[in-house]
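Content type CSV, C-alpha atoms, from the file query_24.csv:
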chain,number,residue,atom,x,y,z
A,1,MET,CA,3.1,7.0,-1.4
A,2,LYS,CA,3.8,3.6,0.3
A,3,ARG,CA,0.2,2.6,0.0
A,4,LYS,CA,0.1,3.6,-3.6
A,5,VAL,CA,3.2,1.4,-4.4
A,6,CYS,CA,1.7,-1.5,-2.5
A,7,SER,CA,-1.7,-1.0,-4.3
A,8,LEU,CA,0.1,-1.2,-7.6
A,9,ILE,CA,1.8,-4.4,-6.6
A,10,LEU,CA,-1.5,-5.8,-5.4
A,11,ALA,CA,-3.1,-4.8,-8.8
A,12,ILE,CA,-0.3,-6.7,-10.6
A,13,PHE,CA,-1.1,-9.8,-8.5
A,14,LEU,CA,-4.8,-9.5,-9.2
A,15,LEU,CA,-4.2,-9.1,-12.9
A,16,PHE,CA,-1.8,-12.0,-13.4
A,17,LEU,CA,-2.4,-14.1,-10.3
A,18,LEU,CA,1.3,-14.8,-10.1
A,19,PRO,CA,2.8,-17.4,-7.8
A,20,GLU,CA,5.1,-16.3,-5.1
A,21,GLY,CA,8.5,-15.0,-6.3
A,22,THR,CA,7.4,-14.7,-10.0
A,23,ALA,CA,9.3,-12.0,-11.9
A,24,LEU,CA,7.5,-9.7,-14.1
A,25,PRO,CA,9.1,-8.3,-17.3
A,26,ALA,CA,9.0,-4.5,-17.5
A,27,ASP,CA,10.7,-2.8,-20.5
A,28,GLY,CA,13.0,-5.8,-21.0
A,29,THR,CA,13.9,-6.1,-17.3
A,30,ALA,CA,12.7,-8.3,-14.5
A,31,GLU,CA,11.0,-7.0,-11.4
A,32,VAL,CA,10.4,-9.1,-8.4
A,33,VAL,CA,7.0,-8.7,-6.9
A,34,ALA,CA,7.2,-7.6,-3.2
A,35,PRO,CA,6.2,-10.0,-0.5
A,36,LEU,CA,2.7,-9.4,1.1
A,37,VAL,CA,1.7,-9.7,4.7
A,38,ALA,CA,-1.6,-9.1,6.5
A,39,LEU,CA,-1.5,-7.5,10.0
A,40,THR,CA,-4.5,-8.4,12.1
A,41,PHE,CA,-5.8,-7.2,15.5
A,42,ASP,CA,-8.2,-8.9,17.9
A,43,ASP,CA,-10.2,-7.9,20.9
A,44,GLY,CA,-10.7,-4.2,20.3
A,45,PRO,CA,-11.6,-1.5,19.9
A,46,ARG,CA,-10.1,0.1,23.0
A,47,THR,CA,-10.3,3.9,22.9
A,48,ASP,CA,-6.7,4.8,23.6
A,49,ALA,CA,-4.7,1.9,22.2
A,50,THR,CA,-6.8,1.5,19.0
A,51,ALA,CA,-6.8,5.2,18.3
A,52,ARG,CA,-3.0,5.4,18.7
A,53,LEU,CA,-2.6,2.3,16.5
A,54,LEU,CA,-4.7,3.9,13.8
A,55,ASP,CA,-2.6,7.0,14.0
A,56,GLY,CA,0.6,5.0,13.5
A,57,LEU,CA,-0.9,2.9,10.6
A,58,ALA,CA,-2.1,6.0,8.9
A,59,LEU,CA,1.3,7.6,9.2
A,60,ARG,CA,2.9,4.5,7.6
A,61,GLU,CA,0.1,4.1,5.0
A,62,VAL,CA,-0.6,0.6,6.2
A,63,PRO,CA,-4.0,-1.2,6.0
A,64,ALA,CA,-4.8,-3.8,8.6
A,65,THR,CA,-7.7,-6.1,9.6
A,66,PHE,CA,-9.5,-5.6,12.9
A,67,PHE,CA,-11.6,-8.4,14.4
A,68,VAL,CA,-13.7,-6.5,16.9
A,69,VAL,CA,-15.6,-7.7,20.0
A,70,GLY,CA,-19.2,-6.5,19.9
A,71,ASN,CA,-19.5,-5.4,23.6
A,72,ARG,CA,-16.6,-3.0,23.0
A,73,ILE,CA,-18.2,-1.2,20.1
A,74,ALA,CA,-20.5,1.1,22.1
A,75,GLY,CA,-18.7,4.4,22.7
A,76,ASN,CA,-16.1,3.6,20.1
A,77,GLU,CA,-18.3,4.0,17.0
A,78,ALA,CA,-16.0,6.8,15.7
A,79,LEU,CA,-13.1,4.3,15.7
A,80,ILE,CA,-15.1,1.8,13.7
A,81,ARG,CA,-16.0,4.5,11.2
A,82,ARG,CA,-12.3,5.5,11.1
A,83,MET,CA,-11.3,2.0,10.3
A,84,ARG,CA,-13.7,1.9,7.4
A,85,ASP,CA,-12.7,5.3,6.1
A,86,GLU,CA,-9.0,4.6,6.3
A,87,GLY,CA,-9.2,1.4,4.3
A,88,HIS,CA,-9.0,-1.2,7.0
A,89,GLN,CA,-10.9,-4.5,6.9
A,90,ILE,CA,-13.3,-5.1,9.8
A,91,GLY,CA,-14.3,-8.5,11.0
A,92,VAL,CA,-16.1,-10.1,14.0
A,93,HIS,CA,-14.6,-11.7,17.1
A,94,THR,CA,-18.0,-12.5,18.7
A,95,PHE,CA,-19.9,-10.2,21.0
A,96,ASP,CA,-18.5,-11.4,24.3
A,97,HIS,CA,-15.3,-13.1,23.3
A,98,VAL,CA,-16.7,-16.6,23.8
A,99,GLU,CA,-15.5,-20.0,22.6
A,100,VAL,CA,-17.9,-20.5,19.7
A,101,THR,CA,-17.5,-24.3,19.7
A,102,LYS,CA,-19.4,-24.4,23.0
A,103,LEU,CA,-22.4,-22.4,21.7
A,104,SER,CA,-25.9,-23.6,20.6
A,105,ARG,CA,-27.0,-22.4,17.2
A,106,PRO,CA,-29.2,-19.6,18.8
A,107,ASP,CA,-26.3,-18.4,21.0
A,108,PHE,CA,-23.9,-18.5,18.0
A,109,ASP,CA,-26.2,-16.5,15.9
A,110,LEU,CA,-26.5,-13.9,18.8
A,111,GLN,CA,-22.8,-13.7,19.4
A,112,VAL,CA,-21.9,-13.3,15.7
A,113,GLY,CA,-25.1,-11.8,14.2
A,114,LYS,CA,-25.5,-9.1,16.8
A,115,THR,CA,-21.9,-8.0,16.3
A,116,ARG,CA,-22.3,-8.0,12.5
A,117,ALA,CA,-25.6,-6.0,12.9
A,118,LEU,CA,-23.8,-3.4,15.1
A,119,LEU,CA,-21.0,-3.0,12.6
A,120,ALA,CA,-23.4,-2.7,9.7
A,121,SER,CA,-25.4,0.0,11.5
A,122,ILE,CA,-22.1,2.0,11.9
A,123,THR,CA,-20.4,1.3,8.5
A,124,GLY,CA,-23.4,0.8,6.4
A,125,GLU,CA,-21.8,-2.2,4.6
A,126,GLY,CA,-19.5,-5.1,4.9
A,127,GLU,CA,-19.4,-8.9,5.1
A,128,PHE,CA,-17.5,-8.9,8.5
A,129,TRP,CA,-15.7,-12.2,8.4
A,130,LEU,CA,-15.3,-14.2,11.6
A,131,ARG,CA,-12.2,-14.9,13.6
A,132,PRO,CA,-13.3,-17.4,16.4
A,133,PRO,CA,-11.8,-16.6,19.8
A,134,TYR,CA,-9.0,-18.9,20.7
A,135,GLY,CA,-9.0,-20.2,17.1
A,136,LYS,CA,-11.5,-22.9,18.1
A,137,ILE,CA,-13.5,-24.3,15.1
A,138,ASP,CA,-15.6,-27.4,14.5
A,139,GLY,CA,-18.1,-28.6,12.0
A,140,SER,CA,-21.0,-26.6,13.5
A,141,VAL,CA,-19.0,-23.4,13.4
A,142,ARG,CA,-18.1,-24.0,9.8
A,143,GLN,CA,-21.8,-24.6,8.9
A,144,TRP,CA,-23.1,-21.6,10.9
A,145,ALA,CA,-20.3,-19.0,10.1
A,146,ASP,CA,-22.1,-17.5,7.0
A,147,GLY,CA,-18.7,-16.3,5.8
A,148,PRO,CA,-15.0,-17.2,5.8
A,149,LEU,CA,-13.2,-18.1,9.0
A,150,ILE,CA,-9.8,-16.4,9.5
A,151,LEU,CA,-7.0,-17.7,11.7
A,152,TRP,CA,-3.3,-16.8,11.5
A,153,SER,CA,0.2,-18.1,10.7
A,154,VAL,CA,2.3,-15.9,13.0
A,155,ASP,CA,1.5,-15.5,16.6
A,156,PRO,CA,3.9,-13.5,18.8
A,157,GLU,CA,1.7,-14.0,21.9
A,158,ASP,CA,1.7,-10.3,22.5
A,159,TRP,CA,-0.6,-10.8,25.5
A,160,LYS,CA,1.9,-12.8,27.4
A,161,ASP,CA,4.6,-10.4,28.7
A,162,HIS,CA,4.0,-7.1,26.9
A,163,ASP,CA,7.7,-7.1,26.0
A,164,VAL,CA,7.8,-4.8,22.9
A,165,ASN,CA,11.2,-5.9,21.6
A,166,ARG,CA,10.4,-9.6,22.1
A,167,ILE,CA,7.1,-9.3,20.3
A,168,ALA,CA,8.5,-7.4,17.4
A,169,GLY,CA,11.5,-9.7,17.2
A,170,HIS,CA,9.2,-12.8,17.1
A,171,ILE,CA,7.3,-11.3,14.1
A,172,LEU,CA,10.5,-10.4,12.2
A,173,SER,CA,12.1,-13.8,12.8
A,174,HIS,CA,9.0,-15.8,11.7
A,175,VAL,CA,7.2,-13.8,9.0
A,176,GLN,CA,7.2,-14.9,5.4
A,177,ASP,CA,5.5,-13.8,2.2
A,178,GLY,CA,1.7,-14.4,2.6
A,179,ASP,CA,1.6,-14.6,6.4
A,180,ILE,CA,-1.3,-13.4,8.6
A,181,ILE,CA,0.0,-11.9,11.8
A,182,LEU,CA,-2.1,-12.1,15.0
A,183,MET,CA,-1.9,-9.2,17.5
A,184,HIS,CA,-4.3,-7.4,19.9
A,185,ASP,CA,-5.1,-3.7,19.8
A,186,ILE,CA,-6.1,-3.5,23.5
A,187,PHE,CA,-2.5,-3.3,24.7
A,188,ASN,CA,-0.3,-0.3,24.2
A,189,SER,CA,2.7,-2.6,24.2
A,190,SER,CA,1.2,-4.4,21.2
A,191,VAL,CA,0.7,-1.1,19.4
A,192,ASP,CA,4.4,-0.2,19.9
A,193,ALA,CA,5.5,-3.7,18.8
A,194,ALA,CA,3.3,-3.7,15.8
A,195,LEU,CA,4.6,-0.3,14.5
A,196,GLN,CA,8.2,-1.4,15.2
A,197,ALA,CA,7.6,-4.5,13.2
A,198,VAL,CA,5.9,-2.5,10.4
A,199,ASP,CA,8.9,-0.2,10.1
A,200,ALA,CA,11.3,-3.1,9.9
A,201,LEU,CA,9.3,-5.0,7.4
A,202,GLN,CA,8.7,-2.0,5.1
A,203,ALA,CA,12.4,-1.5,5.1
A,204,GLN,CA,12.8,-5.1,3.9
A,205,GLY,CA,10.3,-4.4,1.1
A,206,TYR,CA,7.2,-6.0,2.5
A,207,CYS,CA,3.8,-4.6,1.5
A,208,PHE,CA,0.9,-4.7,4.0
A,209,VAL,CA,-2.6,-5.7,2.8
A,210,THR,CA,-5.9,-6.7,4.4
A,211,VAL,CA,-6.7,-10.4,4.7
A,212,GLU,CA,-9.2,-10.0,1.9
A,213,GLN,CA,-6.6,-8.4,-0.3
A,214,LEU,CA,-4.1,-11.1,0.6
A,215,LEU,CA,-6.5,-13.9,-0.5
A,216,GLN,CA,-7.3,-12.0,-3.7
A,217,ALA,CA,-3.6,-11.7,-4.5
A,218,ARG,CA,-3.3,-15.4,-4.1
A,219,GLY,CA,-6.2,-16.0,-6.5
A,220,ILE,CA,-8.4,-17.4,-3.6
A,221,VAL,CA,-12.1,-16.9,-3.7
A,222,PRO,CA,-13.2,-16.9,-0.1
A,223,GLN,CA,-15.9,-19.4,0.7
A,224,ALA,CA,-18.3,-19.4,3.7
A,225,GLY,CA,-17.3,-22.0,6.3
A,226,GLU,CA,-13.8,-22.4,4.9
A,227,LEU,CA,-10.8,-21.8,7.1
A,228,TYR,CA,-7.9,-19.5,6.0
A,229,ARG,CA,-4.7,-18.9,7.8

For the file at hand, write its structure as structure tokens.
Amino acid sequence: MKRKVCSLILAIFLLFLLPEGTALPADGTAEVVAPLVALTFDDGPRTDATARLLDGLALREVPATFFVVGNRIAGNEALIRRMRDEGHQIGVHTFDHVEVTKLSRPDFDLQVGKTRALLASITGEGEFWLRPPYGKIDGSVRQWADGPLILWSVDPEDWKDHDVNRIAGHILSHVQDGDIILMHDIFNSSVDAALQAVDALQAQGYCFVTVEQLLQARGIVPQAGELYR
């Protein structure tokens, strides 16, 4: 039911391409469009943590965006297919989690292209946008990316101390309409914090969307080599 409501709100955004906070008339009354946020996860998949995260997101009817590391795909193909089947967006975080600004063109193509090929062989489709490890981007990366580059606007540094309450609290105190939240699905503490934050934000009226849906709702046509945060 929650996803249906958020899908309706997203459809309204796509139909009217309204700016933030615009009220829609409905039978003579005004309805405020719910704030949207994109929850994203890097570095997975990891068999236990990612599976538990997918369980929690499914229970809450929340889509997310997963930027996967290619060398962690083997043995976790079922998780990738589950991401696809449950409406999550899948992107690339290189094959070996390397700093792409230090790569030659052949090495960049291997790190990104190999991961995209693996994902395509599992899902059968997809553009698989790139999130560069460490958020490092330069002119060469923009030129070679062959798709949008996705960063973030809220970073609770969930890798730092694995403190569930601190991580969730950081998200709740910093998040705004249109934000992209950075987390990692290789830590069980991050899974707990993410689901805690989801519960709180849903109670506040937030709707969760993928990064692609968020850009669409803002009337943005993603361009190859362009940076979005």

Expressed in Å to a single decimal, how great is the separation between atom CA of Thr47 of chain A and atom CA of Ala64 of chain A?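 Computed distance, atom CA of Thr47 of chain A to atom CA of Ala64 of chain A, equals 17.1 Å.
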
Which value, in Å to one decimal, gives the distance between atom CA of Thr40 of chain A and atom CA of Met183 of chain A? 6.0 Å

Neighbour list for segment 98-100 of chain A as JSON, numbers by chain, cut-off 7 Å, only C-alpha atoms, skip fewer than 2 positions in-chain: {"A": [94, 96, 102, 103, 108, 132, 133, 134, 136]}

Which polymer residues have any atom within 10 Å of an atom of Val221 of chain A, counting only C-alpha atoms, with same-chain residues fewer than 5 positions away left out, as a ChimeraX atom specification? /A:148,212,215-216

Could the residues in this selection be written to a file with C-alpha atoms, as a compact mmCIF listing (two decimals), in the frame of the given file?
# COMPACT_ATOMS: atom_id res chain seq x y z
CA PRO A 148 -15.00 -17.20 5.80
CA GLU A 212 -9.20 -10.00 1.90
CA LEU A 215 -6.50 -13.90 -0.50
CA GLN A 216 -7.30 -12.00 -3.70

Can you list, as an NGL selection string, every protein, DNA or RNA residue that comes within 6 Å of Leu130 of chain A when you count only C-alpha atoms, leaving out same-chain residues fewer than 3 positions away? :A and (91-92 or 149)

Which of these residues is nearest to Ala34 of chain A, using all atoms listed in the file: A:Ile80, A:Ile220, A:Ala168, A:Val209?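 Ranked by minimum distance to Ala34 of chain A, first place goes to A:Val209.
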
Report the distance between atom CA of Trp144 of chain A and atom CA of Val112 of chain A in Å, rounded to one decimal place.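 Taking atom CA of Trp144 of chain A as the start and atom CA of Val112 of chain A as the end point, the length is 9.7 Å.
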
What's the 12 Å shell around Leu195 of chain A, counting only C-alpha atoms, without same-chain residues fewer than 3 positions away, as number ranges by chain? A: 39, 52-62, 64, 164-165, 167-169, 171-172, 183, 185, 188-192, 198-202, 208

Counting all atoms listed in the file, the option among A:Ser121, A:Thr50, A:Gln176, A:Thr65 closest to Leu151 of chain A: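 Among the listed residues, the smallest separation from Leu151 of chain A belongs to A:Thr65.
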
May I ask which of the residues A:Gly135, A:Gly205, A:Gly147, A:Pro156 is the closest one to Pro35 of chain A, counting only C-alpha atoms?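 Using only C-alpha atoms, Pro35 of chain A sits closest to A:Gly205.
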
So that I can check the surroundings of Gly124 of chain A, please list as a CSV table (one decimal) with C-alpha atoms, in the coordinates of the input every protein, DNA and RNA residue that reaches within 12 Å of it, counting all atoms listed in the file and ignoring chain neighbours fewer than 3 positions away.
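Wrote out_9.csv, looks like this:
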chain,number,residue,atom,x,y,z
A,80,ILE,CA,-15.1,1.8,13.7
A,81,ARG,CA,-16.0,4.5,11.2
A,84,ARG,CA,-13.7,1.9,7.4
A,85,ASP,CA,-12.7,5.3,6.1
A,116,ARG,CA,-22.3,-8.0,12.5
A,117,ALA,CA,-25.6,-6.0,12.9
A,118,LEU,CA,-23.8,-3.4,15.1
A,119,LEU,CA,-21.0,-3.0,12.6
A,120,ALA,CA,-23.4,-2.7,9.7
A,121,SER,CA,-25.4,0.0,11.5
A,127,GLU,CA,-19.4,-8.9,5.1
A,128,PHE,CA,-17.5,-8.9,8.5

Of the candidates A:Ala224, A:Ile122, A:Val141, A:Ala203, which shows the shortest atom-to-atom distance to Arg82 of chain A, using only C-alpha atoms? A:Ile122

From A:Val33, A:Glu157, A:Leu182, A:Thr101, residue lying nearest Phe67 of chain A [only C-alpha atoms]: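 Nearest candidate to Phe67 of chain A out of A:Val33, A:Glu157, A:Leu182, A:Thr101: A:Leu182.
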
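If only C-alpha atoms are the atoms counted, then among A:Ser173, A:Gln111, A:Gly87, A:Leu36 the closest residue to Leu214 of chain A is A:Leu36.
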